[in-house]
Amino acid sequence: MNNRKLVLENKMVFEGVGFGCQNECVAEIIYNTSVVGYQEIISDPTNANKMICMTYPLIGNYGLTDEDYESKNIKVKGLIVREYNEIPSNFRYTRTLEDVMEENNVSGIAGVDTRSIMKVVRDNGCLKGLICDIDKPLEECLEILNNYVEEEKMVPSVSSKRIWYSRTPNSSLNVAVIDLGVKNSYIKELNKFGCNVIVFPYNVTKEEILKYKPDGLFISNGPGNPQYLDEVIENIKSFIGVLPVFGINLGYNLIGISYGIEPYKLIAGHHGLNYPVKNLETGKIEITAQNYLYSLNQDELNNSSLEITHQNVIDKEAVGFMDKENNVFAVLFDSIPQIDQDSENVFKTFINLIKNNGGNKHA
């Protein structure tokens with residue numbers, strides 16, 4: 001490890017030590033408050049091209065495991081941690097975090113005050129940051145930051161290039177997935193509910209999807225600004241009333257846009273575990289994982305034909321809606337297994353929409 005520094009576009013400087021790839025790294029910073037799950041976070045396509053600041057102080061302590069990736073490769077550009085542990089203690093681990101970061105050209109910095117960085121990002125928005133050699137002049141660092149422009153249409157770089165399948169024994173349903181950067185855990189969840197899954201590139205046509213006679217359509221998570229995905233929005237519009245449709249994260253925003261609701265970028269977004277969400281149908285509080293920078297205009301959503309199903313307890317914003325007439329459902333969050341086994345899983349809600357719709361009408 002060598003001495004490095006993190007420079008923010010507001011001229012704040014944090015000195016630390018480098019790990020992972022030793023190249024310079026410039027990207028927009030988002031923080032994540034999760035205590036565990038750093039492997040899933042850095043391999044989640046939703047975080048593509050971001051620099052992640054982990055607020056939990058110890059990272060790397062359980063290594064990385066082959067089965068826990070959310071995609072084939074690490075998607076982030078940089079990782080900021082308080083303390084990096086290079087000697088994992090976990091019987092499942094197969095690689096160290098630093099080894100995999102080096103292979104994937106992901107730069108890291110440790111030994112910095114991640115809580116302070118998190119507060120700066122929380123209060124000022126997703127600032128650009130630069131990880132570089134500690135001796136690099138501040139003027140050069142700021143010039144690099146000023147010239148950096150983040151790509152807003154990220155989906156083409158993370159979406160599948162070809163159709164692929166995830167089958168499960170004793171399947172009863174077929175679900176089509178429009179891959180905007182889908183997480184492996186979502187595919188596994190659909191398999192768990194007895195669904196054979198067909199994954200399509202983001203720019204697939206309606207006609208191509210219908211050839212496979214799906215029972216439902218899942219619009220996945222993914223990175224970037226939802227307003228730059230006109231082809232996906234038009235596709236969603238064409239499926240409303242044709243198939244049950246379910247969306248999470250980016251899929252939530254795109255479905256909302258297809259109903260005429262404007263999206264907007266949050267100051268810092270929601271990134272982490274243990275976010276309380278109220279299920280307005282059951283009245284129960286569900287603990288969720290959240291990872292989003294964009295949401296829908298709340299006034300427009302309240303005045304639309306959509307029924308709000310879930311609400312963030314902390315900021316009171318809607319994070320779930322449904323169009324019962326057309327079997328459309330969307331949420332901004334991930335369900336986390338509850339102590340109460342009767343808690344509704346959002347994928348279970350989607351499966352019930354399919355079953356209530358009479359299954360496959362195109363067989």
# chains A, B, ... in the order shown; residues from 1 in each chain; ligands from 1
$ residues_around --residues "Met101 of chain A" --least-positions-apart "2" --cutoff "12 Å" --atoms "only C-alpha atoms" --output "VMD selection string"
chain A and resid 18 to 23 39 42 to 43 60 63 to 64 73 to 79 95 to 99 103 to 109
$ residues_around --residues "Gln311 of chain A" --least-positions-apart "4" --cutoff "9 Å" --atoms "only C-alpha atoms" --output "PyMOL selection string"
chain A and resi 276-280+315-320
$ write_last_selection --atoms "N, CA, C and O atoms" --output "compact mmCIF listing (two decimals), in the first residue's frame"
# COMPACT_ATOMS: atom_id res chain seq x y z
N PRO A 276 -36.71 1.50 6.74
CA PRO A 276 -38.08 1.08 7.05
C PRO A 276 -39.07 1.60 5.99
O PRO A 276 -39.05 2.78 5.63
N VAL A 277 -39.89 0.70 5.51
CA VAL A 277 -40.92 1.04 4.51
C VAL A 277 -42.26 0.51 5.01
O VAL A 277 -42.35 -0.62 5.50
N LYS A 278 -43.28 1.34 4.90
CA LYS A 278 -44.62 0.92 5.33
C LYS A 278 -45.40 0.37 4.14
O LYS A 278 -45.54 1.02 3.11
N ASN A 279 -45.88 -0.85 4.30
CA ASN A 279 -46.78 -1.45 3.32
C ASN A 279 -48.17 -0.90 3.60
O ASN A 279 -48.77 -1.20 4.63
N LEU A 280 -48.67 -0.06 2.71
CA LEU A 280 -49.94 0.63 2.97
C LEU A 280 -51.14 -0.30 2.91
O LEU A 280 -52.21 0.05 3.41
N ASP A 315 -38.82 9.57 5.14
CA ASP A 315 -39.09 10.80 4.39
C ASP A 315 -40.49 10.85 3.80
O ASP A 315 -40.85 11.82 3.12
N LYS A 316 -41.30 9.81 4.04
CA LYS A 316 -42.72 9.77 3.63
C LYS A 316 -42.91 9.72 2.11
O LYS A 316 -44.03 9.89 1.63
N GLU A 317 -41.84 9.47 1.35
CA GLU A 317 -42.00 9.40 -0.10
C GLU A 317 -42.53 8.04 -0.52
O GLU A 317 -42.24 7.02 0.12
N ALA A 318 -43.31 8.04 -1.59
CA ALA A 318 -43.82 6.78 -2.15
C ALA A 318 -42.66 6.01 -2.77
O ALA A 318 -41.84 6.57 -3.50
N VAL A 319 -42.59 4.71 -2.48
CA VAL A 319 -41.55 3.85 -3.05
C VAL A 319 -42.15 2.59 -3.66
O VAL A 319 -41.43 1.65 -3.97
N GLY A 320 -43.47 2.57 -3.81
CA GLY A 320 -44.12 1.45 -4.46
C GLY A 320 -45.48 1.87 -4.98
O GLY A 320 -46.16 2.70 -4.37
$ residues_around --residues "Asn10 of chain A" --least-positions-apart "2" --cutoff "10 Å" --atoms "only C-alpha atoms" --output "ChimeraX atom specification"
/A:7-8,12-13,120,124,127-129,142,145
$ select_by_dssp --residues "segment 218-362 of chain A" --states "alpha helix (DSSP H)" --output "JSON, numbers by chain"
{"A": [230, 231, 232, 233, 234, 235, 236, 237, 238, 239, 250, 251, 252, 253, 254, 255, 256, 257, 258, 298, 299, 300, 301, 302, 346, 347, 348, 349, 350, 351, 352, 353, 354, 355, 356]}
$ write_last_selection --atoms "C-alpha atoms" --output "mmCIF file, in the first residue's frame"
data_model
loop_
_atom_site.group_PDB
_atom_site.id
_atom_site.type_symbol
_atom_site.label_atom_id
_atom_site.label_comp_id
_atom_site.auth_asym_id
_atom_site.auth_seq_id
_atom_site.Cartn_x
_atom_site.Cartn_y
_atom_site.Cartn_z
ATOM 1 C CA ASP A 230 -36.835 6.092 -24.595
ATOM 2 C CA GLU A 231 -36.794 2.688 -26.302
ATOM 3 C CA VAL A 232 -37.390 0.891 -23.005
ATOM 4 C CA ILE A 233 -40.153 3.308 -21.997
ATOM 5 C CA GLU A 234 -41.990 2.772 -25.286
ATOM 6 C CA ASN A 235 -41.614 -0.986 -24.862
ATOM 7 C CA ILE A 236 -43.133 -0.848 -21.379
ATOM 8 C CA LYS A 237 -46.082 1.185 -22.660
ATOM 9 C CA SER A 238 -46.789 -1.483 -25.251
ATOM 10 C CA PHE A 239 -46.936 -4.219 -22.599
ATOM 11 C CA LEU A 250 -34.619 1.751 -12.489
ATOM 12 C CA GLY A 251 -37.560 -0.374 -13.600
ATOM 13 C CA TYR A 252 -39.769 1.490 -11.105
ATOM 14 C CA ASN A 253 -38.800 4.840 -12.601
ATOM 15 C CA LEU A 254 -39.241 3.694 -16.191
ATOM 16 C CA ILE A 255 -42.702 2.281 -15.488
ATOM 17 C CA GLY A 256 -43.619 5.567 -13.785
ATOM 18 C CA ILE A 257 -42.397 7.539 -16.796
ATOM 19 C CA SER A 258 -44.509 5.330 -19.056
ATOM 20 C CA GLN A 298 -44.412 12.778 -5.721
ATOM 21 C CA ASP A 299 -47.200 15.245 -6.597
ATOM 22 C CA GLU A 300 -47.634 13.730 -10.047
ATOM 23 C CA LEU A 301 -47.600 10.221 -8.585
ATOM 24 C CA ASN A 302 -50.233 11.119 -5.980
ATOM 25 C CA VAL A 346 -42.377 -8.132 -3.621
ATOM 26 C CA PHE A 347 -41.608 -10.995 -6.015
ATOM 27 C CA LYS A 348 -44.426 -12.973 -4.441
ATOM 28 C CA THR A 349 -46.733 -10.042 -5.196
ATOM 29 C CA PHE A 350 -45.617 -10.173 -8.836
ATOM 30 C CA ILE A 351 -46.184 -13.941 -9.022
ATOM 31 C CA ASN A 352 -49.671 -13.484 -7.597
ATOM 32 C CA LEU A 353 -50.420 -10.879 -10.278
ATOM 33 C CA ILE A 354 -49.428 -13.416 -12.921
ATOM 34 C CA LYS A 355 -51.549 -16.162 -11.381
ATOM 35 C CA ASN A 356 -54.538 -13.850 -10.951
#
$ closest_residue --among "A:Glu281, A:Glu15, A:Glu208, A:Glu262" --to "Ile131 of chain A" --atoms "only C-alpha atoms"
A:Glu15
$ residues_around --residues "Asn326 of chain A" --least-positions-apart "6" --cutoff "9 Å" --atoms "only C-alpha atoms" --output "PyMOL selection string"
chain A and resi 240-245
$ write_last_selection --atoms "all heavy atoms" --output "mmCIF file, in the first residue's frame"
data_model
loop_
_atom_site.group_PDB
_atom_site.id
_atom_site.type_symbol
_atom_site.label_atom_id
_atom_site.label_comp_id
_atom_site.auth_asym_id
_atom_site.auth_seq_id
_atom_site.Cartn_x
_atom_site.Cartn_y
_atom_site.Cartn_z
ATOM 1 N N ILE A 240 -48.313 -2.754 -21.198
ATOM 2 C CA ILE A 240 -49.311 -2.489 -20.172
ATOM 3 C C ILE A 240 -50.671 -3.006 -20.637
ATOM 4 O O ILE A 240 -51.162 -2.638 -21.699
ATOM 5 C CB ILE A 240 -49.382 -0.991 -19.835
ATOM 6 C CG1 ILE A 240 -48.072 -0.540 -19.179
ATOM 7 C CG2 ILE A 240 -50.564 -0.689 -18.918
ATOM 8 C CD1 ILE A 240 -47.982 0.945 -18.927
ATOM 9 N N GLY A 241 -51.257 -3.891 -19.857
ATOM 10 C CA GLY A 241 -52.519 -4.516 -20.231
ATOM 11 C C GLY A 241 -52.351 -5.770 -21.053
ATOM 12 O O GLY A 241 -53.330 -6.482 -21.314
ATOM 13 N N VAL A 242 -51.120 -6.058 -21.475
ATOM 14 C CA VAL A 242 -50.838 -7.270 -22.256
ATOM 15 C C VAL A 242 -50.293 -8.369 -21.360
ATOM 16 O O VAL A 242 -50.736 -9.517 -21.421
ATOM 17 C CB VAL A 242 -49.844 -6.957 -23.403
ATOM 18 C CG1 VAL A 242 -49.474 -8.235 -24.162
ATOM 19 C CG2 VAL A 242 -50.433 -5.922 -24.348
ATOM 20 N N LEU A 243 -49.302 -8.020 -20.521
ATOM 21 C CA LEU A 243 -48.716 -8.948 -19.561
ATOM 22 C C LEU A 243 -48.650 -8.274 -18.198
ATOM 23 O O LEU A 243 -48.547 -7.051 -18.114
ATOM 24 C CB LEU A 243 -47.288 -9.332 -19.970
ATOM 25 C CG LEU A 243 -47.070 -10.242 -21.177
ATOM 26 C CD1 LEU A 243 -45.571 -10.380 -21.436
ATOM 27 C CD2 LEU A 243 -47.695 -11.609 -20.958
ATOM 28 N N PRO A 244 -48.681 -9.041 -17.114
ATOM 29 C CA PRO A 244 -48.337 -8.460 -15.815
ATOM 30 C C PRO A 244 -46.902 -7.929 -15.861
ATOM 31 O O PRO A 244 -45.999 -8.606 -16.372
ATOM 32 C CB PRO A 244 -48.457 -9.649 -14.851
ATOM 33 C CG PRO A 244 -49.428 -10.569 -15.524
ATOM 34 C CD PRO A 244 -49.136 -10.438 -16.992
ATOM 35 N N VAL A 245 -46.700 -6.712 -15.357
ATOM 36 C CA VAL A 245 -45.387 -6.055 -15.426
ATOM 37 C C VAL A 245 -44.947 -5.699 -14.017
ATOM 38 O O VAL A 245 -45.725 -5.169 -13.218
ATOM 39 C CB VAL A 245 -45.452 -4.785 -16.298
ATOM 40 C CG1 VAL A 245 -44.093 -4.085 -16.329
ATOM 41 C CG2 VAL A 245 -45.909 -5.124 -17.708
#
$ residues_around --residues "Arg162 of chain A" --least-positions-apart "5" --cutoff "9 Å" --atoms "only C-alpha atoms" --output "JSON, numbers by chain"
{"A": [199, 200, 201]}
